[in-house]
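Data block below; observations after.
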Amino acid sequence: MRTDNDIVIAGIGLYPVGEHWEISLRTMGARAVRAAIADSGGLQPQGLFVGNAFASILSHQTNLAALIADEAGLTGVEACSFEAAGASGGAAVRAAYLAVKSGFLDCAVALGIEKITENTGTKAAETQDLMLNYEYETTAGMTIPSGAALLARRYMVEYGLERDVLDCMSLNAYSQACGNPNAFYHLRLNDEKLLHQPLSNAPLGMFDCAALADGAAALVITRTDKLYEKFEHLPVRIIGSANAIAPLSLHDRRNLLHYGACAASAEKAFKHADIPQRSVDIWEVWDAFSIDAILTREAIGLAPSGEGWKADGRYYSSMGGCLGRGNPLGASGAYQVAEAALQIRGEAGACQIQNVRTAFVQCVGGLGGTAVTHILTLNDE
């Protein structure tokens with residue numbers, strides 16, 4: 001039942017995903033924060049929670065929350081950073097949600113941010129591999145792409161499938177991204193392009209792997225009784241939030257093809273939201289690699305094992321997901337929440353899906369090691 005203390009997304013600020021050589025990490029984050037505050041009607045946040053994976057290495061910067069809060073003009077607020085690999089942005093949203101839900105803060109900003117492409121050579125790719133178990137996986141030569149390829153190969157062998165079952169993930173994502181003004185790509189794939197794509201990470205092709213990119217996504221989170229009387233948007237409620245982990249190392253998992261963190265996080269979020277899966281209109285599942293999307297669908301119960309690649313009539317990655325939008329890793333979870341909120345508001349432009357009331361959003365750190373889930377719905381009043 002809705003109360004005046006329901007937690008809502010009041011403001012959204014998105015910086016386009018891409019290669020932003022011309023702007024600093026600090027300024028990009030501050031612009032997204034200021035845009036979200038303006039979108040909220042000028043609410044004054046008391047806290048800033050920042051999700052980021054690699055700034056300490058790629059941007060030579062720690063203490064991001066203090067740096068960006070100062071640049072955004074949020075003098076004296078509570079501020080701290082969260083690192084959970086690809087789930088970092090989602091972790092920041094969860095922290096802001098919990099801070100407001102608890103009553104300790106009336107209004108907070110969650111920011112997901114990453115600056116990757118100004119690094120030359122293989123530095124960004126090598127840094128991404130730190131999401132694995134360094135002692136047992138990285139030192140043995142495993143990388144994030146090769147680990148994803150291993151999962152894809154095992155999936156194909158386990159269920160007697162060919163690699164083209166992966167193509168529907170890419171086709172859907174790139175198609176949806178064509179209408180997203182903040183997407184890195186606006187490329188409409190077809191069977192011919194997929195057939196001739198490079199398979200440098202076989203069985204994964206170029207379009208099965210989301211490109212690392214720069215980006216910043218901010219959300220103002222508050223309670224309904226703190227919204228201004230002339231609030232211009234449909235308030236989007238956060239009714240479910242959960243975080244769960246699974247063994248980080250692939251060799252420690254009893255079932256290599258089961259994303260246990262995704263299953264546990266989704267189950268807890270639905271229990272928190274107190275709604276059934278059938279109430280969900282759009283599904284923003286993790287797709288840093290096409291195999292991630294398939295295994296996530298199966299883990300959260302949308303498809304039987306071996307059938308997560310099949311079309312099922314549901315709406316996935318409504319604004320392109322990581323594959324189509326691009327993957328500003330530590331920021332991607334915040335983009336997912338923001339894009340789902342835009343769909344519920346009816347403000348998704350060319351990507352708009354009709355009559356969206358409820359959205360499921362899940363971001364993942366590593367190869368299924370961490371999963372943060374949020375469930376959003378339309379505020380009825």
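So you can find residues: chains in the structure tokens are A, B, ... in the order shown, residues in each start at 1, and ligands are numbered from 1 in order.
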Within 9 Å of region 71-77 of chain A, counting only C-alpha atoms, which residues qualify if same-chain residues fewer than 2 places away don't, as a ChimeraX atom specification?
-> /A:26-27,29-34,44-48,66-69,79
Identify, on the basis of only C-alpha atoms, every residue whose closest approach to Leu227 (chain A) does not exceed 8 Å; exclude the query and any residue fewer than 5 positions from it along the same chain; express the result as a ChimeraX atom specification.
-> /A:10,43,222
For Leu302 (chain A), which residue out of A:Ala263, A:Ala85, A:Ile275, A:Leu342 is the nearest one, using only C-alpha atoms?
-> A:Ala263
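You can rank A:Ala35, A:Phe289, A:Lys101, A:Ala261 by their closest distance to Ile144 (chain A) using only C-alpha atoms, and at the top of that list sits A:Phe289.
Relative to CA of Tyr174 (chain A), CA of Glu22 (chain A) is found at 26.1 Å.
Within region 237-272 of chain A, DSSP run on the backbone puts these residues in strand (DSSP E): Arg237, Ile238, Ile239, Gly240, Ser241, Ala242, Asn243, Ala244 and Ile245 of chain A.
Residues lying within 7 Å of region 162-167 of chain A, counting only C-alpha atoms and ignoring same-chain neighbours fewer than 5 positions away, are Met156, Pro203, Ser290, Ile291 and Trp309 of chain A.
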Saved selection, atoms kept: C-alpha atoms, as an mmCIF file, in the first residue's frame:
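Final output, selection.cif:
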```cif
data_model
loop_
_atom_site.group_PDB
_atom_site.id
_atom_site.type_symbol
_atom_site.label_atom_id
_atom_site.label_comp_id
_atom_site.auth_asym_id
_atom_site.auth_seq_id
_atom_site.Cartn_x
_atom_site.Cartn_y
_atom_site.Cartn_z
ATOM 1 C CA MET A 156 26.260 -24.270 -26.393
ATOM 2 C CA PRO A 203 32.128 -18.065 -29.851
ATOM 3 C CA SER A 290 25.047 -11.600 -24.789
ATOM 4 C CA ILE A 291 25.580 -14.711 -22.672
ATOM 5 C CA TRP A 309 17.788 -16.997 -25.815
#
```
Could you pull out all residues of region 109-238 of chain A with a DSSP call of helix (DSSP H, G or I) and give them as a PyMOL selection string?
-> chain A and resi 123-131+138-140+144-159+163-177+191-195+206-208+224-226
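Remark: for Phe104 (chain A), the closest of the candidate residues A:Glu78, A:Pro16, A:His186, A:Gly369 is A:Glu78 (distances computed over only C-alpha atoms).
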Shell of 8 Å around Ile7 (chain A), only C-alpha atoms, local chain residues under 3 positions omitted, as a VMD selection string = chain A and resid 97 100 to 101 221 to 224 237 to 239
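Interatomic distance, CA of Ala108 (chain A) against CA of Ala96 (chain A): 5.6 Å.
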Near Tyr155 (chain A), counting only C-alpha atoms, which residues have an atom at most 10 Å away, once you skip same-chain residues fewer than 2 positions from it, shown as a count of residues only?
-> 19
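The coordinates place CA of Cys178 (chain A) at 17.4 Å from CA of Gln354 (chain A).
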